[in-house]
Amino acid sequence: MDIDRRTFIQSLGLGLPIINSNKSDFFIPFNEETEEFKKNFNSIKDRVWLGKEFWSIPLEDWSVRDGKVVFDGSFNGSRTHFLTKKLSKDDGSFLVKAKCGVLKIESENASVGFSLGILDRQTDKESTVSNCYFGEGIELGVALNKVLFIGSRKYQIDGEFNFDDFEIIVSGETNKGQTSIKLEVLDKEGKKYSLIENVSENLEGLICLHHQLSGSSFWWDQLYISGQKIVNEKEEVGPVVWCMYTLSEGDLKLTAQLMPIGQTDSQNVHLEIFRNNQWQRIGTSKVDVRAFIARFSINEWGFQEDINYRVLYKIDGINEEYTGTIRREPTNGKLILGALTCQNDMGFPYRPLVENLENKNPDMLYFSGDQIYEGNGGYPIKRFPEDKAILSYLGKWFMFGLAFGNIMKDRPTICTPDDHDVFQGNLWGEGGEHVSLEEWAARKDARGGYVQSTLMVNVVHLTQCSHLPNPIVKEMLPSGISTWFTGLKYGRISFAIVSDRLFKSGPEMIRKGVGRIDHVRFKLEKDEVESDELSLMGNLQTAFMEDWIVDWDNADMKVMLSQTIFANVATHHGPKQKFLQGDMDSGGWPKRQRDEILRIMRKAEVFHINGDQHLPFIVKYGIERPKDGGWAFCTPAIATGYPRWSKPDQVNIPHIERPIHNLANTGLYKDVFGNENFVFAVGNPAEEFDFELNRYRKANLKASGFGLVTFSNVKREIKMEAFRFLASSTEEKTYPGWPLTIHQSENDGRQALGYLPLIKSKNKNQILKVFVSDRNEIVHSIRIQGYEHRPRVYENTSYRIELGEKETLQIKDNVEISRDSSETLFF
């Protein structure tokens, strides 16, 4: 029987077991103390969430049912941690006990019991949530084949024992670094068996209920913890886990994420703000029982100062509250955006990164995708049934909130889902089409469509995007899947928040063959992976982008936020650094559709922020010719799982025009799809990192971190910074090539054929739109800087100029390229 998966027995010296059957003549001295925990579930209504004192892994395997905690799962190592009490490092006695019983037997090797002294010793033992997911302790309990065990020691019960209703009692005492532990099991018929061990180490850390080799189900009740060695741990979670909000053009959208409450629990959640020395209720929301969220929408917010808020919810007879702050919208001409992506739990809970991010104090946050990975939490996903799949997602989604909730609650947060968020390693959304699990599994890296159900995908969209401004398209796609792409204005920056996955075509549409056809191993023939029938962002989002670039109300600069960079820059993939000519799971393909979006963007000098690649990049796009597009910042992964490198120099990929810093693997390269990419900076991981056992140091070696983008509305400048995971504690705080500051106008790299006359305006910072007159085709759409501007144009024809907005709008038609540098148009 494998009973010590998460133990640290290797580091303990265990004495010989003492077996005691049906006797109580051996005991460990126990001194009752006031620090005690008692919990029964008689008054708790049926639901998945056990209560704020507990954290269950996996979430979907635990519930309250008929007044008891019920475990009904198959993961080997499922556990529920006590959050409010733990074993201290001091000497003293302790007592832990609970009632338990079997509900269903599928394996007699299944076991039930406690784990004691759970600590994440190699990385972050000070973090309760880190201990929950990565802590190791000593496991003790009883298996259904009548084996008692403490760690790797076990004893076969040779008598009868009734598993329908029994008690597990663990008592112990630590004295001068030595701990004695006594395990007793007592059934309802009075049969008792016990096992005693001496541990040559001070036992400290969390306590949890645990199951091993399950498939069998058990119930728990009457949980009790007490003793001198027990101390309080102030780590309650729920019922509101965290809040995310956005503020755009005076409209507040806030989503409160709740734990999975029951159908008979209260369904009303209230939002209050603190004004005039009192709390004022401004909204009440029903819980969306699909995603366990409460959504609030407040029009005409209007406040010009920080406003404290609280979310109120009553459960189990207790009024609970979650507090945060709605920040004052920046008016100082500067906006700082924290940009983050890809949260593999290898670095969870990312504490050094989170603390550094908090110290940077950004005005708002952008999480570009992969807020979860399928393996996060140390247990596999469940794809079906649908209700279990949703809970499986939520359990991993809650890890995101545990890590970043404290910073998100106090500033606007933009969050967008990517492929792993919907349980797919690659996502070619095909406009929301569905694909069967069998079809997808057969060619999962090439087959387009969503494999999870409509409701499951919509729950992902609800949890991650329901606090964004209303989606541009309110109607569902034909499959019933929702859209979330939208626009947001904050701090006089206009953001287009789009999906480069939802409408994208799959490789199977254009490439034949078997295996990983999304991996391009050989150079492509001309137009081999191109077709007018392919899609990148789809017609709906393209139309939105065309409308968005001409909307300059309350905005000075424009930024597009998407999941991945519109280029193929990585060259080596995976732990073995396998070289690929190209990866179709990038925004560099399909090229024609990619170029169409970039042409739209440069008309408004749009800057691009993205993630996904597990590599930080700064790239200037080429469309018709090198560097004629805008700039893109692909941010570091929060914690890199699957590693990638960009080492074109190593494989002799031709390049020209190194940047002034002359760093390796930078310069102008053409990727396999024909894109001319000017790589200004890349942050490659170390060559070796698997030797590192500390997860935070390993994350640092694997090029993890976050991005910071500072927008200066006055100077129209954009500063890009990329910080390492351990930036606060290492000398190398940023990646080579960062920071870089560009001017807004550099996001249009077209070479001018000529210039129109100098425009002078009596009003400052006016909106300028330049059209080709006979085609009514827009050439430029910007807000000029200051009182004058000389428009560049790209063909010898007649133009229409519109300058101003609303009552200041003036139009001049039939304007041609100026041959006189002193020629001026006055507005």
# chains A, B, ... in the order shown; residues from 1 in each chain; ligands from 1
$ closest_atom_pairs --of "range 69-131 of chain A" --to "range 375-383 of chain A" --cutoff "12 Å" --atoms "only C-alpha atoms" --output "tab-separated table"
residue	atom	partner	partner_atom	distance
A:Gly73	CA	A:Lys382	CA	10.7
A:Ser74	CA	A:Tyr379	CA	10.3
A:Phe75	CA	A:Tyr379	CA	7.0
A:Asn76	CA	A:Tyr379	CA	8.7
A:Gly77	CA	A:Tyr379	CA	8.7
A:Ser78	CA	A:Tyr379	CA	8.7
A:Arg79	CA	A:Tyr379	CA	11.2
A:Val129	CA	A:Gly377	CA	10.6
A:Ser130	CA	A:Gly377	CA	10.2
A:Asn131	CA	A:Gly377	CA	11.5
$ write_last_selection --atoms "C-alpha atoms" --output "mmCIF file, in the first residue's frame"
data_model
loop_
_atom_site.group_PDB
_atom_site.id
_atom_site.type_symbol
_atom_site.label_atom_id
_atom_site.label_comp_id
_atom_site.auth_asym_id
_atom_site.auth_seq_id
_atom_site.Cartn_x
_atom_site.Cartn_y
_atom_site.Cartn_z
ATOM 1 C CA GLY A 73 -13.377 11.335 -5.523
ATOM 2 C CA SER A 74 -10.651 9.284 -7.077
ATOM 3 C CA PHE A 75 -7.530 11.427 -6.746
ATOM 4 C CA ASN A 76 -4.801 9.760 -4.724
ATOM 5 C CA GLY A 77 -3.999 12.410 -2.159
ATOM 6 C CA SER A 78 -7.227 14.385 -1.819
ATOM 7 C CA ARG A 79 -7.238 16.527 1.293
ATOM 8 C CA VAL A 129 -1.691 28.459 0.642
ATOM 9 C CA SER A 130 1.759 27.295 -0.448
ATOM 10 C CA ASN A 131 1.693 24.781 2.376
#
$ select_by_dssp --residues "range 223-324 of chain A" --states "strand (DSSP E)" --output "MDAnalysis selection string"
chainID A and resid 223:226 230:232 240:248 251:258 268:275 278:286 293:298 307:315 318:324
$ closest_atom_pairs --of "range 186-273 of chain A" --to "range 329-342 of chain A" --cutoff "12 Å" --atoms "only C-alpha atoms" --output "tab-separated table"
residue	atom	partner	partner_atom	distance
A:Thr246	CA	A:Glu329	CA	10.6
A:Leu247	CA	A:Glu329	CA	8.1
A:Ser248	CA	A:Glu329	CA	9.3
A:Glu249	CA	A:Glu329	CA	9.9
A:Gly250	CA	A:Glu329	CA	9.4
A:Asp251	CA	A:Glu329	CA	11.6
A:Leu252	CA	A:Glu329	CA	11.4
$ write_last_selection --atoms "all heavy atoms" --output "JSON list (two decimals), in the first residue's frame"
[["chain", "number", "residue", "atom", "x", "y", "z"],
["A", 246, "THR", "N", -13.66, 46.95, -13.19],
["A", 246, "THR", "CA", -13.15, 47.92, -14.16],
["A", 246, "THR", "C", -13.96, 49.20, -14.05],
["A", 246, "THR", "O", -15.12, 49.19, -13.61],
["A", 246, "THR", "CB", -13.24, 47.41, -15.61],
["A", 246, "THR", "OG1", -14.60, 47.08, -15.92],
["A", 246, "THR", "CG2", -12.35, 46.19, -15.82],
["A", 247, "LEU", "N", -13.34, 50.29, -14.46],
["A", 247, "LEU", "CA", -13.99, 51.59, -14.52],
["A", 247, "LEU", "C", -13.70, 52.15, -15.90],
["A", 247, "LEU", "O", -12.53, 52.29, -16.28],
["A", 247, "LEU", "CB", -13.44, 52.50, -13.42],
["A", 247, "LEU", "CG", -14.16, 53.83, -13.16],
["A", 247, "LEU", "CD1", -15.60, 53.59, -12.75],
["A", 247, "LEU", "CD2", -13.42, 54.61, -12.08],
["A", 248, "SER", "N", -14.74, 52.43, -16.66],
["A", 248, "SER", "CA", -14.55, 52.90, -18.02],
["A", 248, "SER", "C", -15.58, 53.97, -18.33],
["A", 248, "SER", "O", -16.80, 53.72, -18.24],
["A", 248, "SER", "CB", -14.70, 51.74, -19.02],
["A", 248, "SER", "OG", -14.52, 52.18, -20.35],
["A", 249, "GLU", "N", -15.09, 55.16, -18.66],
["A", 249, "GLU", "CA", -15.96, 56.29, -19.00],
["A", 249, "GLU", "C", -17.06, 56.49, -17.96],
["A", 249, "GLU", "O", -18.21, 56.75, -18.28],
["A", 249, "GLU", "CB", -16.55, 56.10, -20.39],
["A", 249, "GLU", "CG", -15.49, 56.04, -21.48],
["A", 249, "GLU", "CD", -16.09, 56.09, -22.87],
["A", 249, "GLU", "OE1", -16.58, 55.05, -23.33],
["A", 249, "GLU", "OE2", -16.05, 57.17, -23.50],
["A", 250, "GLY", "N", -16.68, 56.35, -16.69],
["A", 250, "GLY", "CA", -17.60, 56.62, -15.60],
["A", 250, "GLY", "C", -18.48, 55.46, -15.20],
["A", 250, "GLY", "O", -19.27, 55.60, -14.26],
["A", 251, "ASP", "N", -18.38, 54.31, -15.88],
["A", 251, "ASP", "CA", -19.22, 53.16, -15.54],
["A", 251, "ASP", "C", -18.38, 52.13, -14.80],
["A", 251, "ASP", "O", -17.31, 51.70, -15.29],
["A", 251, "ASP", "CB", -19.83, 52.53, -16.79],
["A", 251, "ASP", "CG", -20.86, 53.43, -17.45],
["A", 251, "ASP", "OD1", -21.38, 54.33, -16.75],
["A", 251, "ASP", "OD2", -21.13, 53.26, -18.64],
["A", 252, "LEU", "N", -18.86, 51.72, -13.63],
["A", 252, "LEU", "CA", -18.18, 50.73, -12.80],
["A", 252, "LEU", "C", -18.82, 49.36, -13.02],
["A", 252, "LEU", "O", -20.04, 49.21, -12.96],
["A", 252, "LEU", "CB", -18.29, 51.11, -11.32],
["A", 252, "LEU", "CG", -17.77, 50.09, -10.31],
["A", 252, "LEU", "CD1", -16.24, 50.02, -10.36],
["A", 252, "LEU", "CD2", -18.24, 50.43, -8.89]]
$ select_by_dssp --residues "range 501-711 of chain A" --states "alpha helix (DSSP H)" --output "short mmCIF file (atom, residue, chain, number, x, y, z; two decimals) with N, CA, C and O atoms, in the first residue's frame"
data_model
loop_
_atom_site.label_atom_id
_atom_site.label_comp_id
_atom_site.auth_asym_id
_atom_site.auth_seq_id
_atom_site.Cartn_x
_atom_site.Cartn_y
_atom_site.Cartn_z
N GLY A 538 -11.49 37.09 -36.80
CA GLY A 538 -12.87 36.98 -37.22
C GLY A 538 -13.47 38.30 -37.68
O GLY A 538 -12.97 39.39 -37.36
N ASN A 539 -14.56 38.21 -38.42
CA ASN A 539 -15.21 39.40 -38.98
C ASN A 539 -15.76 40.32 -37.90
O ASN A 539 -15.71 41.55 -38.03
N LEU A 540 -16.33 39.74 -36.84
CA LEU A 540 -16.94 40.57 -35.80
C LEU A 540 -15.90 41.44 -35.11
O LEU A 540 -16.11 42.64 -34.89
N GLN A 541 -14.76 40.86 -34.77
CA GLN A 541 -13.72 41.64 -34.09
C GLN A 541 -13.02 42.59 -35.05
O GLN A 541 -12.62 43.69 -34.64
N THR A 542 -12.89 42.19 -36.29
CA THR A 542 -12.28 43.10 -37.26
C THR A 542 -13.14 44.35 -37.44
O THR A 542 -12.62 45.48 -37.48
N ALA A 543 -14.45 44.15 -37.53
CA ALA A 543 -15.36 45.30 -37.63
C ALA A 543 -15.27 46.17 -36.38
O ALA A 543 -15.29 47.41 -36.47
N PHE A 544 -15.16 45.53 -35.23
CA PHE A 544 -15.00 46.29 -33.99
C PHE A 544 -13.72 47.12 -34.02
O PHE A 544 -13.71 48.30 -33.65
N MET A 545 -12.63 46.52 -34.46
CA MET A 545 -11.36 47.25 -34.52
C MET A 545 -11.45 48.45 -35.44
O MET A 545 -10.91 49.53 -35.14
N GLU A 546 -12.12 48.30 -36.56
CA GLU A 546 -12.26 49.42 -37.50
C GLU A 546 -13.07 50.56 -36.88
O GLU A 546 -12.78 51.74 -37.13
N ASP A 547 -14.06 50.24 -36.09
CA ASP A 547 -14.83 51.27 -35.39
C ASP A 547 -14.03 51.87 -34.23
O ASP A 547 -14.08 53.09 -33.98
N TRP A 548 -13.30 51.01 -33.54
CA TRP A 548 -12.58 51.44 -32.34
C TRP A 548 -11.47 52.44 -32.66
O TRP A 548 -11.25 53.39 -31.91
N LYS A 591 -0.98 34.66 -41.93
CA LYS A 591 -0.31 35.95 -42.17
C LYS A 591 -1.24 36.98 -42.79
O LYS A 591 -1.22 38.15 -42.38
N ARG A 592 -2.03 36.62 -43.79
CA ARG A 592 -2.88 37.62 -44.46
C ARG A 592 -3.83 38.27 -43.47
O ARG A 592 -4.01 39.49 -43.46
N GLN A 593 -4.45 37.46 -42.65
CA GLN A 593 -5.40 37.99 -41.68
C GLN A 593 -4.68 38.74 -40.55
O GLN A 593 -5.19 39.74 -40.04
N ARG A 594 -3.49 38.27 -40.20
CA ARG A 594 -2.67 39.00 -39.23
C ARG A 594 -2.30 40.37 -39.77
O ARG A 594 -2.41 41.38 -39.07
N ASP A 595 -1.89 40.43 -41.04
CA ASP A 595 -1.52 41.71 -41.64
C ASP A 595 -2.70 42.67 -41.69
O ASP A 595 -2.53 43.89 -41.50
N GLU A 596 -3.89 42.14 -41.94
CA GLU A 596 -5.07 43.00 -42.01
C GLU A 596 -5.29 43.72 -40.68
O GLU A 596 -5.57 44.93 -40.66
N ILE A 597 -5.17 43.01 -39.59
CA ILE A 597 -5.36 43.63 -38.28
C ILE A 597 -4.25 44.64 -38.00
O ILE A 597 -4.50 45.75 -37.50
N LEU A 598 -3.01 44.31 -38.34
CA LEU A 598 -1.90 45.24 -38.10
C LEU A 598 -2.03 46.51 -38.92
O LEU A 598 -1.65 47.59 -38.47
N ARG A 599 -2.59 46.40 -40.13
CA ARG A 599 -2.81 47.61 -40.95
C ARG A 599 -3.85 48.51 -40.29
O ARG A 599 -3.72 49.75 -40.31
N ILE A 600 -4.88 47.91 -39.73
CA ILE A 600 -5.89 48.69 -39.01
C ILE A 600 -5.25 49.38 -37.81
O ILE A 600 -5.45 50.58 -37.57
N MET A 601 -4.44 48.66 -37.07
CA MET A 601 -3.85 49.18 -35.85
C MET A 601 -2.93 50.36 -36.11
O MET A 601 -2.95 51.36 -35.37
N ARG A 602 -2.10 50.28 -37.15
CA ARG A 602 -1.12 51.35 -37.33
C ARG A 602 -1.76 52.67 -37.74
O ARG A 602 -1.16 53.73 -37.55
N LYS A 603 -2.97 52.63 -38.28
CA LYS A 603 -3.66 53.87 -38.62
C LYS A 603 -3.91 54.72 -37.39
O LYS A 603 -4.02 55.94 -37.47
N ARG A 695 11.04 26.29 -5.77
CA ARG A 695 10.18 26.63 -6.90
C ARG A 695 10.33 28.07 -7.33
O ARG A 695 10.22 28.39 -8.52
N TYR A 696 10.56 28.97 -6.41
CA TYR A 696 10.71 30.38 -6.76
C TYR A 696 12.01 30.62 -7.53
O TYR A 696 12.03 31.35 -8.53
N ARG A 697 13.09 30.00 -7.07
CA ARG A 697 14.35 30.16 -7.81
C ARG A 697 14.26 29.49 -9.18
O ARG A 697 14.83 29.99 -10.16
N LYS A 698 13.55 28.38 -9.25
CA LYS A 698 13.38 27.70 -10.53
C LYS A 698 12.56 28.56 -11.48
O LYS A 698 12.87 28.67 -12.68
N ALA A 699 11.50 29.19 -10.97
CA ALA A 699 10.71 30.09 -11.81
C ALA A 699 11.57 31.22 -12.35
O ALA A 699 11.44 31.61 -13.52
N ASN A 700 12.47 31.71 -11.54
CA ASN A 700 13.35 32.79 -11.99
C ASN A 700 14.27 32.31 -13.11
O ASN A 700 14.47 33.01 -14.11
N LEU A 701 14.79 31.10 -12.98
CA LEU A 701 15.67 30.54 -14.01
C LEU A 701 14.92 30.30 -15.32
O LEU A 701 15.51 30.35 -16.40
#
$ atom_distance --atom1 "CA of Phe400 in chain A" --atom2 "CA of Lys68 in chain A"
28.6 Å
$ residues_around --residues "Val459 in chain A" --least-positions-apart "4" --cutoff "9 Å" --atoms "only C-alpha atoms" --output "list in words"
Arg290, Ala291, Ile390, Thr454, Leu455, Thr463 and Gln464 of chain A
$ write_last_selection --atoms "all heavy atoms" --output "compact mmCIF listing (two decimals), in the first residue's frame"
# COMPACT_ATOMS: atom_id res chain seq x y z
N ARG A 290 -24.32 29.42 -11.93
CA ARG A 290 -23.47 28.68 -12.86
C ARG A 290 -22.01 28.88 -12.50
O ARG A 290 -21.22 27.93 -12.54
CB ARG A 290 -23.72 29.15 -14.30
CG ARG A 290 -25.14 28.98 -14.80
CD ARG A 290 -25.34 29.75 -16.08
NE ARG A 290 -25.21 31.19 -15.90
CZ ARG A 290 -25.25 32.08 -16.89
NH1 ARG A 290 -25.42 31.67 -18.14
NH2 ARG A 290 -25.13 33.37 -16.64
N ALA A 291 -21.63 30.12 -12.18
CA ALA A 291 -20.23 30.46 -11.96
C ALA A 291 -19.97 30.91 -10.53
O ALA A 291 -18.82 31.19 -10.18
CB ALA A 291 -19.81 31.56 -12.93
N ILE A 390 -17.02 21.99 -14.30
CA ILE A 390 -17.06 23.39 -13.87
C ILE A 390 -16.37 23.56 -12.52
O ILE A 390 -15.57 24.48 -12.32
CB ILE A 390 -18.51 23.89 -13.84
CG1 ILE A 390 -19.05 24.00 -15.27
CG2 ILE A 390 -18.62 25.22 -13.10
CD1 ILE A 390 -20.53 24.26 -15.35
N THR A 454 -20.76 24.07 -23.85
CA THR A 454 -21.08 25.50 -23.93
C THR A 454 -21.14 26.12 -22.55
O THR A 454 -20.57 27.20 -22.31
CB THR A 454 -22.42 25.68 -24.66
OG1 THR A 454 -22.26 25.29 -26.03
CG2 THR A 454 -22.87 27.13 -24.61
N LEU A 455 -21.82 25.48 -21.62
CA LEU A 455 -21.95 26.04 -20.28
C LEU A 455 -20.60 26.16 -19.60
O LEU A 455 -20.30 27.17 -18.97
CB LEU A 455 -22.90 25.19 -19.43
CG LEU A 455 -23.08 25.65 -17.98
CD1 LEU A 455 -23.58 27.09 -17.92
CD2 LEU A 455 -24.03 24.72 -17.23
N THR A 463 -16.57 34.09 -15.20
CA THR A 463 -15.67 34.32 -14.07
C THR A 463 -14.57 35.30 -14.43
O THR A 463 -14.16 36.12 -13.60
CB THR A 463 -15.06 33.00 -13.58
OG1 THR A 463 -14.45 32.32 -14.67
CG2 THR A 463 -16.13 32.10 -12.96
N GLN A 464 -14.07 35.23 -15.66
CA GLN A 464 -12.91 36.03 -16.00
C GLN A 464 -13.26 37.38 -16.63
O GLN A 464 -12.46 38.31 -16.55
CB GLN A 464 -12.00 35.24 -16.96
CG GLN A 464 -11.50 33.94 -16.36
CD GLN A 464 -10.22 33.42 -16.99
OE1 GLN A 464 -9.51 34.16 -17.65
NE2 GLN A 464 -9.93 32.16 -16.78
$ closest_atom_pairs --of "range 345-458 of chain A" --to "range 727-750 of chain A" --cutoff "9 Å" --atoms "only C-alpha atoms" --output "Markdown table"
| residue | atom | partner | partner_atom | distance |
| --- | --- | --- | --- | --- |
| A:Pro352 | CA | A:Ser728 | CA | 7.2 |
| A:Leu353 | CA | A:Ala727 | CA | 7.6 |
| A:Glu355 | CA | A:Ser728 | CA | 8.5 |
| A:Asn356 | CA | A:Ser728 | CA | 6.2 |
$ write_last_selection --atoms "C-alpha atoms" --output "PDB file, in the first residue's frame"
ATOM      1  CA  PRO A 352       8.145  37.303  -4.483  1.00  0.00           C
ATOM      2  CA  LEU A 353       6.558  38.390  -7.752  1.00  0.00           C
ATOM      3  CA  GLU A 355       5.130  41.479  -3.465  1.00  0.00           C
ATOM      4  CA  ASN A 356       7.251  43.212  -6.096  1.00  0.00           C
TER       5      ASN A 356
END
$ closest_residue --among "A:Ala294, A:Glu167, A:Leu87, A:Ser194" --to "Leu206 in chain A" --atoms "only C-alpha atoms"
A:Leu87
$ residues_around --residues "range 145-155 of chain A" --least-positions-apart "4" --cutoff "6 Å" --atoms "only C-alpha atoms" --output "PyMOL selection string"
chain A and resi 4+108-109+138-141
$ write_last_selection --atoms "N, CA, C and O atoms" --output "PDB file, in the first residue's frame"
ATOM      1  N   ASP A   4       2.613   6.995   1.665  1.00  0.00           N
ATOM      2  CA  ASP A   4       3.427   8.133   2.100  1.00  0.00           C
ATOM      3  C   ASP A   4       3.812   9.034   0.936  1.00  0.00           C
ATOM      4  O   ASP A   4       4.918   9.540   0.861  1.00  0.00           O
ATOM      5  N   GLU A 108     -10.257  -1.748  -1.247  1.00  0.00           N
ATOM      6  CA  GLU A 108      -9.941  -1.967   0.155  1.00  0.00           C
ATOM      7  C   GLU A 108      -8.596  -1.365   0.537  1.00  0.00           C
ATOM      8  O   GLU A 108      -8.256  -1.310   1.706  1.00  0.00           O
ATOM      9  N   ASN A 109      -7.832  -0.918  -0.465  1.00  0.00           N
ATOM     10  CA  ASN A 109      -6.587  -0.220  -0.163  1.00  0.00           C
ATOM     11  C   ASN A 109      -6.809   1.254   0.158  1.00  0.00           C
ATOM     12  O   ASN A 109      -5.884   1.944   0.563  1.00  0.00           O
ATOM     13  N   ILE A 138       3.452  14.295   7.813  1.00  0.00           N
ATOM     14  CA  ILE A 138       3.399  12.885   8.140  1.00  0.00           C
ATOM     15  C   ILE A 138       1.944  12.438   8.120  1.00  0.00           C
ATOM     16  O   ILE A 138       1.080  13.044   8.754  1.00  0.00           O
ATOM     17  N   GLU A 139       1.666  11.404   7.360  1.00  0.00           N
ATOM     18  CA  GLU A 139       0.302  10.912   7.197  1.00  0.00           C
ATOM     19  C   GLU A 139       0.051   9.762   8.153  1.00  0.00           C
ATOM     20  O   GLU A 139       0.915   8.904   8.348  1.00  0.00           O
ATOM     21  N   LEU A 140      -1.145   9.762   8.714  1.00  0.00           N
ATOM     22  CA  LEU A 140      -1.514   8.692   9.625  1.00  0.00           C
ATOM     23  C   LEU A 140      -2.998   8.421   9.514  1.00  0.00           C
ATOM     24  O   LEU A 140      -3.786   9.334   9.248  1.00  0.00           O
ATOM     25  N   GLY A 141      -3.387   7.173   9.676  1.00  0.00           N
ATOM     26  CA  GLY A 141      -4.800   6.826   9.554  1.00  0.00           C
ATOM     27  C   GLY A 141      -4.988   5.342   9.448  1.00  0.00           C
ATOM     28  O   GLY A 141      -4.162   4.548   9.925  1.00  0.00           O
TER      29      GLY A 141
END
$ residues_around --residues "Pro417 in chain A" --least-positions-apart "2" --cutoff "10 Å" --atoms "only C-alpha atoms" --output "MDAnalysis selection string"
chainID A and resid 367:372 415 419:422 457 460:461 463:465 484 499 501:502 562:563
$ write_last_selection --atoms "N, CA, C and O atoms" --output "short mmCIF file (atom, residue, chain, number, x, y, z; two decimals), in the first residue's frame"
data_model
loop_
_atom_site.label_atom_id
_atom_site.label_comp_id
_atom_site.auth_asym_id
_atom_site.auth_seq_id
_atom_site.Cartn_x
_atom_site.Cartn_y
_atom_site.Cartn_z
N PHE A 367 -4.22 40.61 -17.10
CA PHE A 367 -3.88 39.20 -17.14
C PHE A 367 -4.33 38.67 -18.50
O PHE A 367 -5.53 38.58 -18.77
N SER A 368 -3.36 38.33 -19.35
CA SER A 368 -3.69 38.07 -20.76
C SER A 368 -4.12 36.65 -21.05
O SER A 368 -4.50 36.35 -22.18
N GLY A 369 -4.07 35.75 -20.06
CA GLY A 369 -4.56 34.40 -20.33
C GLY A 369 -3.79 33.34 -19.58
O GLY A 369 -2.74 33.58 -18.98
N ASP A 370 -4.34 32.11 -19.62
CA ASP A 370 -3.79 30.97 -18.89
C ASP A 370 -3.68 31.31 -17.41
O ASP A 370 -2.63 31.12 -16.78
N GLN A 371 -4.80 31.79 -16.89
CA GLN A 371 -4.89 32.00 -15.44
C GLN A 371 -4.88 30.65 -14.72
O GLN A 371 -4.63 30.59 -13.51
N ILE A 372 -5.17 29.58 -15.46
CA ILE A 372 -5.03 28.24 -14.91
C ILE A 372 -4.27 27.38 -15.92
O ILE A 372 -4.21 27.70 -17.10
N CYS A 415 -8.96 40.93 -17.44
CA CYS A 415 -8.61 39.52 -17.43
C CYS A 415 -9.25 38.87 -18.65
O CYS A 415 -10.45 39.08 -18.90
N ASP A 419 -6.20 29.42 -23.98
CA ASP A 419 -6.53 28.03 -24.27
C ASP A 419 -6.61 27.16 -23.01
O ASP A 419 -7.57 26.41 -22.84
N HIS A 420 -5.62 27.25 -22.13
CA HIS A 420 -5.63 26.37 -20.96
C HIS A 420 -6.79 26.68 -20.02
O HIS A 420 -7.25 25.79 -19.29
N ASP A 421 -7.28 27.89 -20.05
CA ASP A 421 -8.41 28.24 -19.20
C ASP A 421 -9.65 27.41 -19.53
O ASP A 421 -10.50 27.21 -18.67
N VAL A 422 -9.75 26.95 -20.78
CA VAL A 422 -10.88 26.11 -21.17
C VAL A 422 -10.43 24.67 -21.39
O VAL A 422 -11.05 23.91 -22.13
N VAL A 457 -17.62 26.53 -20.98
CA VAL A 457 -16.87 27.63 -21.58
C VAL A 457 -17.45 28.96 -21.14
O VAL A 457 -16.70 29.91 -20.81
N VAL A 460 -16.27 29.96 -17.76
CA VAL A 460 -14.94 30.56 -17.82
C VAL A 460 -15.05 32.03 -18.21
O VAL A 460 -14.42 32.91 -17.60
N HIS A 461 -15.87 32.32 -19.22
CA HIS A 461 -16.04 33.71 -19.65
C HIS A 461 -16.67 34.56 -18.54
O HIS A 461 -16.28 35.71 -18.34
N THR A 463 -16.57 34.09 -15.20
CA THR A 463 -15.67 34.32 -14.07
C THR A 463 -14.57 35.30 -14.43
O THR A 463 -14.16 36.12 -13.60
N GLN A 464 -14.07 35.23 -15.66
CA GLN A 464 -12.91 36.03 -16.00
C GLN A 464 -13.26 37.38 -16.63
O GLN A 464 -12.46 38.31 -16.55
N CYS A 465 -14.41 37.49 -17.24
CA CYS A 465 -14.68 38.69 -18.06
C CYS A 465 -15.94 39.45 -17.70
O CYS A 465 -16.20 40.50 -18.31
N TRP A 484 -16.73 38.12 -25.43
CA TRP A 484 -16.39 39.08 -24.39
C TRP A 484 -15.54 40.23 -24.90
O TRP A 484 -15.16 41.12 -24.12
N SER A 499 -9.91 38.77 -28.48
CA SER A 499 -9.50 37.37 -28.45
C SER A 499 -8.84 36.99 -29.77
O SER A 499 -9.44 37.16 -30.83
N ARG A 501 -8.04 33.86 -30.15
CA ARG A 501 -8.29 32.41 -30.10
C ARG A 501 -9.71 32.06 -30.53
O ARG A 501 -9.92 31.06 -31.21
N LEU A 502 -10.68 32.85 -30.11
CA LEU A 502 -12.08 32.49 -30.24
C LEU A 502 -12.49 32.23 -31.69
O LEU A 502 -13.27 31.32 -31.98
N SER A 562 -4.31 41.47 -26.35
CA SER A 562 -4.73 40.15 -26.82
C SER A 562 -3.89 39.10 -26.11
O SER A 562 -3.04 39.42 -25.27
N GLN A 563 -4.10 37.83 -26.47
CA GLN A 563 -3.47 36.76 -25.73
C GLN A 563 -2.02 36.52 -26.17
O GLN A 563 -1.15 36.27 -25.35
#
$ atom_distance --atom1 "CA of Asn568 in chain A" --atom2 "CA of Tyr642 in chain A"
16.5 Å
$ atom_distance --atom1 "CA of Glu823 in chain A" --atom2 "CA of Ile759 in chain A"
9.0 Å
